[in-house]
>>> print(open('target_34.txt').read())   # compact mmCIF, C-alpha atoms
# COMPACT_ATOMS: atom_id res chain seq x y z
CA MET A 1 28.85 8.26 24.57
CA ALA A 2 31.46 5.61 23.77
CA SER A 3 28.85 3.14 22.56
CA ILE A 4 27.33 5.78 20.30
CA ALA A 5 30.75 6.59 18.84
CA PHE A 6 31.58 2.97 18.07
CA PHE A 7 28.12 2.34 16.61
CA LEU A 8 28.58 5.34 14.33
CA LEU A 9 31.97 3.96 13.32
CA VAL A 10 30.42 0.63 12.29
CA VAL A 11 27.64 2.42 10.46
CA SER A 12 30.06 4.64 8.58
CA LEU A 13 32.16 1.64 7.58
CA SER A 14 29.07 0.18 5.93
CA GLY A 15 29.28 3.09 3.50
CA LEU A 16 32.70 1.90 2.34
CA LEU A 17 31.98 -1.83 2.67
CA PRO A 18 28.24 -2.11 2.00
CA LEU A 19 26.26 -4.93 3.55
CA ARG A 20 26.01 -7.85 1.13
CA TYR A 21 23.36 -10.55 0.91
CA ARG A 22 25.52 -13.28 2.47
CA GLN A 23 26.27 -11.02 5.43
CA LEU A 24 22.58 -10.23 5.78
CA LYS A 25 21.99 -13.71 7.22
CA VAL A 26 24.22 -12.81 10.17
CA TRP A 27 23.44 -9.10 10.46
CA SER A 28 19.73 -9.20 9.62
CA ALA A 29 18.76 -7.25 12.76
CA LEU A 30 21.03 -4.41 11.62
CA TYR A 31 19.80 -4.33 8.02
CA TRP A 32 18.01 -0.98 8.23
CA PRO A 33 20.63 0.98 10.20
CA LEU A 34 23.47 -0.43 8.12
CA SER A 35 21.86 -0.25 4.69
CA ILE A 36 20.25 3.16 5.07
CA ALA A 37 23.21 4.67 6.90
CA GLY A 38 25.31 3.22 4.10
CA GLN A 39 23.67 5.89 1.96
CA LEU A 40 25.21 8.35 4.41
CA PHE A 41 22.63 11.08 4.43
CA VAL A 42 23.87 14.34 5.85
CA VAL A 43 22.23 13.56 9.21
CA PRO A 44 24.76 10.89 10.37
CA ILE A 45 27.58 13.34 9.72
CA THR A 46 25.81 15.94 11.85
CA VAL A 47 25.38 13.40 14.67
CA VAL A 48 29.07 12.42 14.55
CA VAL A 49 30.12 16.06 14.78
CA ALA A 50 27.88 16.47 17.83
CA VAL A 51 29.48 13.41 19.48
CA ILE A 52 32.97 14.80 18.89
CA VAL A 53 32.06 18.17 20.39
CA LEU A 54 30.38 16.65 23.47
CA ALA A 55 33.12 14.10 24.09
CA TRP A 56 36.08 16.39 23.56
CA ARG A 57 36.35 17.64 27.15
CA ASN A 58 35.22 14.70 29.28
CA GLU A 59 35.94 11.65 27.13
CA ALA A 60 38.55 12.77 24.65
CA TRP A 61 39.44 9.20 23.66
CA VAL A 62 35.85 8.74 22.37
CA ALA A 63 36.49 11.52 19.87
CA GLY A 64 39.05 9.25 18.14
CA PRO A 65 36.66 6.65 16.69
CA ALA A 66 34.06 9.37 16.17
CA PHE A 67 36.57 11.37 14.12
CA VAL A 68 37.37 8.27 12.04
CA ALA A 69 33.63 7.76 11.49
CA LEU A 70 33.33 11.40 10.43
CA SER A 71 36.18 11.09 7.92
CA ILE A 72 34.72 7.94 6.38
CA SER A 73 31.26 9.50 6.26
CA ILE A 74 32.49 12.62 4.48
CA PHE A 75 34.47 10.52 2.00
CA SER A 76 31.44 8.34 1.28
CA LEU A 77 29.16 11.35 0.94
CA LEU A 78 31.54 12.92 -1.57
CA ARG A 79 31.56 9.63 -3.46
CA GLN A 80 27.80 10.00 -3.88
CA PHE A 81 28.43 13.08 -5.98
CA LYS A 82 29.92 10.75 -8.58
CA VAL A 83 26.37 9.43 -8.98
CA ARG A 84 25.25 12.98 -9.71
CA ASN A 85 27.90 13.19 -12.43
CA LEU A 86 26.91 9.78 -13.81
CA THR A 87 23.21 10.66 -14.03
CA ALA A 88 24.03 14.06 -15.53
CA GLU A 89 26.07 12.34 -18.25
CA MET A 90 23.24 9.89 -18.91
CA ALA A 91 20.72 12.73 -19.06
CA LEU A 92 22.92 14.49 -21.61
CA ARG A 93 23.20 11.30 -23.69
CA LEU A 94 19.43 10.78 -23.62
CA GLY A 95 18.79 14.40 -24.54
CA VAL A 96 16.70 15.05 -21.44
CA VAL A 97 18.94 17.36 -19.44
CA GLU A 98 17.70 20.83 -18.58
CA HIS A 99 19.83 23.88 -17.89
CA GLY A 100 20.96 23.82 -14.28
CA ALA A 101 19.23 20.51 -13.57
CA TYR A 102 22.22 19.18 -11.64
CA SER A 103 23.54 22.38 -10.12
CA LEU A 104 23.78 22.30 -6.33
CA SER A 105 21.29 24.47 -4.46
CA LEU A 106 20.40 25.26 -0.87
CA LYS A 107 17.15 23.36 -1.42
CA ASP A 108 19.17 20.20 -2.10
CA ILE A 109 21.15 20.54 1.12
CA TRP A 110 17.98 21.26 3.10
CA ARG A 111 16.39 18.09 1.72
CA TRP A 112 19.44 16.01 2.64
CA LEU A 113 19.26 17.33 6.19
CA LEU A 114 15.54 16.55 6.55
CA VAL A 115 16.04 13.14 4.82
CA LEU A 116 12.50 11.73 5.04
CA ARG A 117 10.52 14.94 4.74
CA CYS A 118 9.17 14.65 1.20
CA GLU A 119 5.98 16.73 1.25
CA ARG A 120 5.76 19.52 -1.34
CA ARG A 121 3.73 22.69 -1.23
CA GLY A 122 0.64 23.01 -3.37
CA ILE A 123 -0.10 19.29 -3.64
CA ASN A 124 -3.64 18.04 -3.05
CA ILE A 125 -3.89 14.42 -1.86
CA ILE A 126 -7.07 12.35 -2.09
CA ARG A 127 -6.56 9.31 0.09
CA ASP A 128 -8.00 5.79 0.06
CA VAL A 129 -9.82 5.95 -3.24
CA ALA A 130 -11.28 2.53 -4.07
CA TYR A 131 -10.36 1.03 -7.43
CA GLY A 132 -12.05 -2.28 -6.56
CA ASP A 133 -14.36 -3.92 -4.05
CA LEU A 134 -11.67 -5.48 -1.84
CA SER A 135 -10.20 -3.68 1.18
CA ALA A 136 -6.66 -3.83 -0.26
CA GLN A 137 -7.70 -2.23 -3.53
CA ARG A 138 -7.09 1.38 -2.56
CA LEU A 139 -4.96 4.21 -3.89
CA ASP A 140 -3.94 7.77 -3.06
CA ILE A 141 -4.09 10.48 -5.73
CA TYR A 142 -1.56 13.34 -5.74
CA ALA A 143 -2.16 16.39 -7.94
CA LEU A 144 -0.88 19.94 -8.15
CA ALA A 145 -3.53 22.39 -7.03
CA GLY A 146 -4.83 24.71 -9.72
CA HIS A 147 -3.13 22.87 -12.58
CA GLY A 148 -5.83 23.00 -15.24
CA GLU A 149 -4.28 21.11 -18.16
CA PRO A 150 -4.97 17.36 -18.46
CA LYS A 151 -2.13 15.64 -16.64
CA PRO A 152 -0.03 12.64 -17.67
CA ILE A 153 -0.38 9.84 -15.12
CA LEU A 154 2.24 8.12 -12.98
CA ILE A 155 1.31 4.98 -11.04
CA HIS A 156 3.60 4.03 -8.15
CA ILE A 157 3.69 0.44 -6.81
CA HIS A 158 5.17 -0.05 -3.34
CA GLY A 159 7.57 -2.84 -2.42
CA GLY A 160 7.78 -5.17 0.55
CA ALA A 161 8.59 -8.66 -0.80
CA TRP A 162 4.94 -9.05 -1.93
CA VAL A 163 3.90 -9.70 1.71
CA THR A 164 4.16 -6.32 3.42
CA GLY A 165 4.24 -2.59 2.76
CA LYS A 166 1.62 -0.05 1.80
CA LYS A 167 1.14 3.12 -0.18
CA GLY A 168 2.84 6.22 1.16
CA GLN A 169 5.95 4.38 2.36
CA MET A 170 8.32 3.97 -0.59
CA GLY A 171 9.39 6.22 -3.43
CA ARG A 172 8.00 9.26 -1.65
CA PRO A 173 10.47 11.83 -3.04
CA LEU A 174 9.64 10.81 -6.61
CA VAL A 175 5.89 10.66 -5.95
CA HIS A 176 5.78 14.19 -4.52
CA ASP A 177 8.18 15.67 -7.07
CA MET A 178 6.25 14.27 -10.05
CA ALA A 179 3.00 15.63 -8.63
CA GLN A 180 4.61 19.03 -8.17
CA GLN A 181 5.69 18.95 -11.81
CA GLY A 182 2.08 18.61 -12.88
CA TRP A 183 1.60 14.86 -13.14
CA LEU A 184 -1.37 13.01 -11.70
CA VAL A 185 0.30 10.49 -9.38
CA CYS A 186 -1.54 7.42 -8.09
CA ASP A 187 0.14 5.49 -5.27
CA ILE A 188 -1.56 2.09 -5.11
CA GLU A 189 -1.96 -0.80 -2.71
CA TYR A 190 -2.61 -4.40 -3.69
CA ARG A 191 -3.34 -7.76 -2.09
CA LEU A 192 -0.39 -9.29 -0.26
CA GLY A 193 0.83 -12.78 0.53
CA PRO A 194 0.73 -15.16 2.18
CA GLU A 195 -3.03 -14.66 2.44
CA HIS A 196 -3.22 -13.81 -1.26
CA ARG A 197 -0.86 -15.55 -3.68
CA TYR A 198 0.23 -14.72 -7.20
CA PRO A 199 -1.43 -13.71 -9.50
CA ALA A 200 -3.48 -11.63 -7.01
CA MET A 201 -0.79 -8.90 -6.96
CA ILE A 202 -0.56 -8.39 -10.71
CA VAL A 203 -4.35 -8.69 -11.07
CA ASP A 204 -4.73 -5.79 -8.65
CA VAL A 205 -2.10 -3.71 -10.44
CA LEU A 206 -3.86 -4.25 -13.78
CA SER A 207 -7.22 -3.51 -12.17
CA ALA A 208 -5.83 -0.26 -10.78
CA ILE A 209 -4.48 0.71 -14.19
CA HIS A 210 -7.84 0.02 -15.83
CA TRP A 211 -9.71 2.00 -13.16
CA ILE A 212 -7.31 4.93 -13.38
CA LYS A 213 -7.47 5.08 -17.18
CA THR A 214 -11.27 4.88 -17.06
CA ASN A 215 -11.66 7.58 -14.39
CA ALA A 216 -8.66 9.78 -15.22
CA GLU A 217 -10.70 12.66 -16.60
CA GLN A 218 -12.58 13.01 -13.31
CA TYR A 219 -9.29 13.76 -11.52
CA GLY A 220 -7.73 15.88 -14.25
CA GLY A 221 -5.57 13.15 -15.80
CA ARG A 222 -5.32 11.78 -19.30
CA GLY A 223 -5.72 8.04 -19.54
CA ASP A 224 -3.91 7.73 -22.85
CA PHE A 225 -0.51 8.33 -21.22
CA VAL A 226 0.30 6.21 -18.18
CA ALA A 227 3.75 5.59 -16.68
CA VAL A 228 4.40 2.99 -13.97
CA THR A 229 7.21 2.80 -11.43
CA GLY A 230 8.01 0.99 -8.20
CA GLY A 231 10.81 -0.59 -6.20
CA SER A 232 11.66 -4.12 -5.07
CA ALA A 233 8.41 -6.15 -5.32
CA GLY A 234 7.00 -2.99 -6.90
CA GLY A 235 9.86 -3.07 -9.40
CA HIS A 236 8.99 -6.66 -10.29
CA LEU A 237 5.32 -5.76 -10.76
CA THR A 238 6.27 -2.66 -12.77
CA ALA A 239 8.37 -4.70 -15.19
CA LEU A 240 5.68 -7.37 -15.44
CA THR A 241 3.06 -4.69 -16.13
CA GLY A 242 5.05 -3.51 -19.12
CA LEU A 243 5.77 -7.00 -20.42
CA MET A 244 2.57 -9.02 -20.13
CA SER A 245 0.99 -9.67 -23.51
CA ALA A 246 -2.46 -8.35 -24.35
CA ALA A 247 -3.82 -11.89 -24.15
CA GLN A 248 -2.37 -12.39 -20.66
CA ARG A 249 -3.84 -9.08 -19.51
CA ARG A 250 -7.30 -9.99 -20.77
CA GLU A 251 -7.19 -13.21 -18.74
CA TYR A 252 -7.13 -11.08 -15.60
CA VAL A 253 -8.84 -7.78 -16.48
CA ASP A 254 -11.35 -7.12 -19.22
CA GLY A 255 -10.42 -3.63 -20.32
CA ASP A 256 -7.57 -1.34 -21.33
CA THR A 257 -4.53 -1.91 -19.08
CA SER A 258 -1.85 -0.72 -21.48
CA VAL A 259 0.92 1.60 -20.29
CA GLN A 260 3.29 3.83 -22.23
CA LEU A 261 6.32 3.93 -19.93
CA VAL A 262 7.86 1.90 -17.08
CA ALA A 263 10.69 2.53 -14.61
CA PRO A 264 11.42 -0.50 -12.40
CA PHE A 265 13.69 0.08 -9.40
CA TYR A 266 15.77 -2.79 -7.90
CA GLY A 267 13.21 -5.43 -8.89
CA ARG A 268 13.21 -9.23 -9.03
CA TYR A 269 13.21 -10.47 -12.62
CA ASP A 270 13.75 -14.24 -12.46
CA LEU A 271 11.77 -16.03 -9.75
CA LEU A 272 13.23 -19.36 -10.88
CA ASP A 273 16.80 -18.09 -10.37
CA ARG A 274 17.99 -19.97 -13.46
CA PHE A 275 21.37 -18.21 -13.43
CA GLY A 276 22.08 -19.11 -9.79
CA ILE A 277 22.47 -15.45 -8.82
CA ILE A 278 20.43 -15.53 -5.61
CA ASN A 279 21.21 -19.21 -4.98
CA ASP A 280 19.55 -19.54 -1.58
CA PRO A 281 17.05 -22.30 -0.66
CA LYS A 282 15.49 -20.00 1.96
CA ILE A 283 14.53 -17.47 -0.72
CA ASP A 284 13.02 -20.26 -2.82
CA GLU A 285 11.10 -21.51 0.22
CA PHE A 286 9.84 -18.00 0.98
CA THR A 287 8.64 -17.50 -2.59
CA GLU A 288 6.93 -20.90 -2.63
CA SER A 289 5.23 -20.56 0.75
CA LYS A 290 4.28 -16.87 0.78
CA VAL A 291 4.17 -15.48 -2.76
CA MET A 292 3.46 -18.17 -5.33
CA PRO A 293 0.55 -20.62 -4.85
CA GLY A 294 3.01 -23.49 -4.49
CA ALA A 295 6.29 -25.01 -5.57
CA VAL A 296 7.09 -25.46 -9.25
CA GLU A 297 6.39 -29.18 -8.91
CA GLN A 298 2.92 -28.45 -7.52
CA VAL A 299 1.61 -25.66 -9.73
CA GLY A 300 3.73 -26.10 -12.83
CA GLU A 301 6.63 -24.14 -14.25
CA ALA A 302 4.42 -22.16 -16.62
CA LEU A 303 2.92 -20.04 -13.82
CA TRP A 304 6.36 -19.30 -12.37
CA ARG A 305 7.57 -18.27 -15.81
CA GLN A 306 4.54 -16.04 -16.27
CA ALA A 307 5.44 -14.32 -13.00
CA SER A 308 9.08 -13.78 -14.07
CA PRO A 309 9.68 -10.69 -16.23
CA ILE A 310 12.68 -12.34 -17.87
CA ASP A 311 10.33 -14.91 -19.43
CA ASN A 312 8.14 -12.20 -20.93
CA VAL A 313 10.76 -10.14 -22.77
CA GLY A 314 9.98 -8.95 -26.26
CA PRO A 315 9.51 -6.00 -28.63
CA HIS A 316 6.16 -5.17 -27.05
CA MET A 317 7.80 -3.62 -23.96
CA PRO A 318 7.08 0.13 -23.71
CA SER A 319 9.82 2.69 -23.14
CA CYS A 320 11.78 1.75 -20.04
CA LEU A 321 14.43 3.14 -17.70
CA MET A 322 15.60 0.46 -15.23
CA VAL A 323 17.48 1.33 -12.04
CA HIS A 324 19.48 -0.94 -9.72
CA GLY A 325 22.14 -0.37 -7.06
CA SER A 326 25.54 -2.04 -7.38
CA SER A 327 25.58 -2.74 -3.60
CA ASP A 328 22.04 -4.13 -3.35
CA CYS A 329 22.18 -6.78 -0.62
CA LEU A 330 18.69 -8.22 -1.22
CA ILE A 331 18.51 -8.51 -5.02
CA ASP A 332 21.93 -8.69 -6.63
CA TYR A 333 22.38 -6.32 -9.55
CA LYS A 334 23.50 -9.27 -11.68
CA GLU A 335 19.86 -10.38 -11.83
CA ALA A 336 18.93 -7.00 -13.29
CA GLU A 337 21.76 -7.30 -15.80
CA ALA A 338 20.59 -10.77 -16.84
CA PHE A 339 17.19 -9.24 -17.60
CA VAL A 340 18.81 -6.35 -19.46
CA ASN A 341 20.79 -8.77 -21.61
CA ALA A 342 17.60 -10.65 -22.45
CA GLN A 343 15.45 -7.58 -23.24
CA ALA A 344 17.80 -5.01 -24.74
CA ALA A 345 18.30 -6.77 -28.08
CA LEU A 346 14.53 -7.20 -28.51
CA SER A 347 13.44 -3.68 -27.63
CA VAL A 348 11.82 -1.49 -30.25
CA ASN A 349 11.11 1.38 -27.85
CA ASP A 350 13.67 3.12 -25.63
CA PHE A 351 15.31 0.74 -23.19
CA GLU A 352 17.79 2.23 -20.72
CA TYR A 353 19.55 0.79 -17.68
CA LEU A 354 21.24 2.70 -14.86
CA LEU A 355 23.49 0.85 -12.41
CA VAL A 356 23.93 3.19 -9.44
CA PRO A 357 27.42 2.78 -7.92
CA GLY A 358 27.33 1.99 -4.20
CA ALA A 359 23.52 2.18 -3.94
CA GLN A 360 21.78 -0.21 -1.55
CA HIS A 361 18.33 -1.79 -1.82
CA ALA A 362 15.60 0.81 -1.23
CA PHE A 363 18.16 3.61 -1.58
CA ASP A 364 15.41 6.05 -2.64
CA LEU A 365 13.44 6.00 0.63
CA GLY A 366 14.65 9.49 1.45
CA HIS A 367 16.82 12.34 0.27
CA CYS A 368 20.56 12.06 -0.30
CA PRO A 369 22.81 13.13 -3.18
CA GLN A 370 22.56 9.86 -5.08
CA SER A 371 18.82 9.24 -4.66
CA ASP A 372 17.96 12.81 -5.61
CA ALA A 373 20.22 12.58 -8.67
CA VAL A 374 18.54 9.37 -9.84
CA ASN A 375 15.06 10.77 -9.21
CA ARG A 376 15.95 13.89 -11.18
CA LEU A 377 16.99 11.73 -14.13
CA ILE A 378 13.75 9.74 -13.91
CA GLN A 379 11.68 12.94 -13.83
CA MET A 380 13.41 14.38 -16.89
CA TYR A 381 13.17 11.08 -18.76
CA PHE A 382 9.43 10.86 -18.01
CA GLU A 383 8.97 14.43 -19.25
CA LYS A 384 10.86 13.67 -22.47
CA CYS A 385 8.74 10.57 -23.14
CA TYR A 386 5.59 12.60 -22.57
CA ARG A 387 6.80 15.37 -24.89
CA ASP A 388 7.54 12.79 -27.57
CA PHE A 389 4.07 11.31 -27.07
CA CYS A 390 2.46 14.74 -27.44
CA LYS A 391 4.47 15.39 -30.59
CA VAL A 392 3.23 12.15 -32.15
CA GLN A 393 -0.34 13.14 -31.19
CA GLY A 394 0.14 16.53 -32.85
CA GLU A 395 -0.17 18.33 -29.51
CA SER A 396 1.93 21.08 -28.02
CA HIS A 397 3.55 20.49 -24.66
CA LEU A 398 5.08 23.28 -22.62
>>> encode(input="target_34.txt", output="structure tokens")
Amino acid sequence: MASIAFFLLVVSLSGLLPLRYRQLKVWSALYWPLSIAGQLFVVPITVVVAVIVLAWRNEAWVAGPAFVALSISIFSLLRQFKVRNLTAEMALRLGVVEHGAYSLSLKDIWRWLLVLRCERRGINIIRDVAYGDLSAQRLDIYALAGHGEPKPILIHIHGGAWVTGKKGQMGRPLVHDMAQQGWLVCDIEYRLGPEHRYPAMIVDVLSAIHWIKTNAEQYGGRGDFVAVTGGSAGGHLTALTGLMSAAQRREYVDGDTSVQLVAPFYGRYDLLDRFGIINDPKIDEFTESKVMPGAVEQVGEALWRQASPIDNVGPHMPSCLMVHGSSDCLIDYKEAEAFVNAQAALSVNDFEYLLVPGAQHAFDLGHCPQSDAVNRLIQMYFEKCYRDFCKVQGESHL
């Protein structure tokens, strides 16, 4: 019981003093418990309360650190409600807020208790649809049952440092919620390093986009409106998808791979780290040996620049809402801000950036006040962009 109490105390402290990248080298084995618990879902608070109750009679001294952990956890959880206020203000500024969109409901609390339970009623899922001939070129399609109108399309790209991960693991709350709102959601997989090096990943993403746009009608979607989102490596590929020129796209895929909207989450935007933000030889070595086909000196700087969204900025970028956490221990938010500074002045379409206070890398894996607030903003922003698109097309959108 004592060990549990002290572990919970350390975990709760990570909510006040989030794990940073430099500390990750020492605490790498504790990354997941510290970073995810740093989000302080409602579950850790429930566990701490249980420890206090059980220890009160037999090991009263254990209740001391457990009570401290509880106090810190509650404080940190309440701090997450500031994110709800921040996203509500941004939604109001963007003109996307709906009446009662940020009011607290029992459904919200139930989701925070269940944390990773993201399934929604009425969603049909078609799994392992092939968009290419290779085993990695598969996707899952989520659609609301009985929704007859042609659906706008959302493509989700998973993360995993370009070497791991698969569909159905990341961004699940957003995937299921967008499907429930009537979107056709495609959660894709792609070839991974080190077996497959760049540009295999972006080639697969573009191939998936082309396949989805070509076959959208068969699944009830409309291929003329496609949004793309993803986190971490998926955030990098999302940004790159929106930024590659038409000529670059045609080098890889012969067909329509255009998208109308992107929302990168906590992505990598400068693989060359020209601002010294990451500043770690081990990260450079990892990228050289597992992601890119070789070091800059071997394959040339041009390929590395092509793979870096910051080198592809320009007025051709579609509407964009970028998201990054201020406490991200894997990709410092300053890299996102460097990209924002490079792109914002060039943008012709909407370009928005949300820095989420206290949010860790992969903060949207499950339900908590801040992740749900951010996802709600994304959903409303997507809906606004689709309404605007329909208006330009002379269509009505309910």
>>> residues_around(input="target_34.txt", residues="Gly160 in chain A", least_positions_apart="5", cutoff="8 Å", atoms="only C-alpha atoms", output="ChimeraX atom specification")
/A:165,232-234
>>> closest_residue(input="target_34.txt", among="A:Ser76, A:Asn85, A:Thr229, A:Gln180", to="Glu119 in chain A", atoms="only C-alpha atoms")
A:Gln180
>>> residues_around(input="target_34.txt", residues="Leu206 in chain A", least_positions_apart="6", cutoff="10 Å", atoms="all atoms listed in the file", output="PyMOL selection string")
chain A and resi 212+237+241+249-250+252-259
>>> residues_around(input="target_34.txt", residues="range 360-367 of chain A", least_positions_apart="2", cutoff="8 Å", atoms="all atoms listed in the file", output="ChimeraX atom specification")
/A:18,35-36,38-39,41,111-112,114-118,169-173,231-232,266,325-331,358,369,371-372
>>> residues_around(input="target_34.txt", residues="range 222-227 of chain A", least_positions_apart="5", cutoff="7 Å", atoms="all atoms listed in the file", output="ChimeraX atom specification")
/A:150-155,213-214,216-217,259-262
>>> closest_residue(input="target_34.txt", among="A:Lys167, A:Leu139, A:Ile72, A:Met244", to="Pro318 in chain A", atoms="all atoms listed in the file")
A:Met244
>>> closest_residue(input="target_34.txt", among="A:Cys320, A:Asp133, A:Lys82, A:Tyr219", to="Gly148 in chain A", atoms="all atoms listed in the file")
A:Tyr219
>>> closest_residue(input="target_34.txt", among="A:Ala91, A:Met380, A:Leu240, A:Ala161", to="Thr287 in chain A", atoms="all atoms listed in the file")
A:Ala161
>>> closest_residue(input="target_34.txt", among="A:Ile188, A:Leu243, A:Leu134, A:Leu354", to="Ser319 in chain A", atoms="only C-alpha atoms")
A:Leu243
>>> atom_distance(input="target_34.txt", atom1="CA of Phe286 in chain A", atom2="CA of Gln137 in chain A")
24.0 Å
>>> atom_distance(input="target_34.txt", atom1="CA of Val68 in chain A", atom2="CA of Ser105 in chain A")
28.2 Å
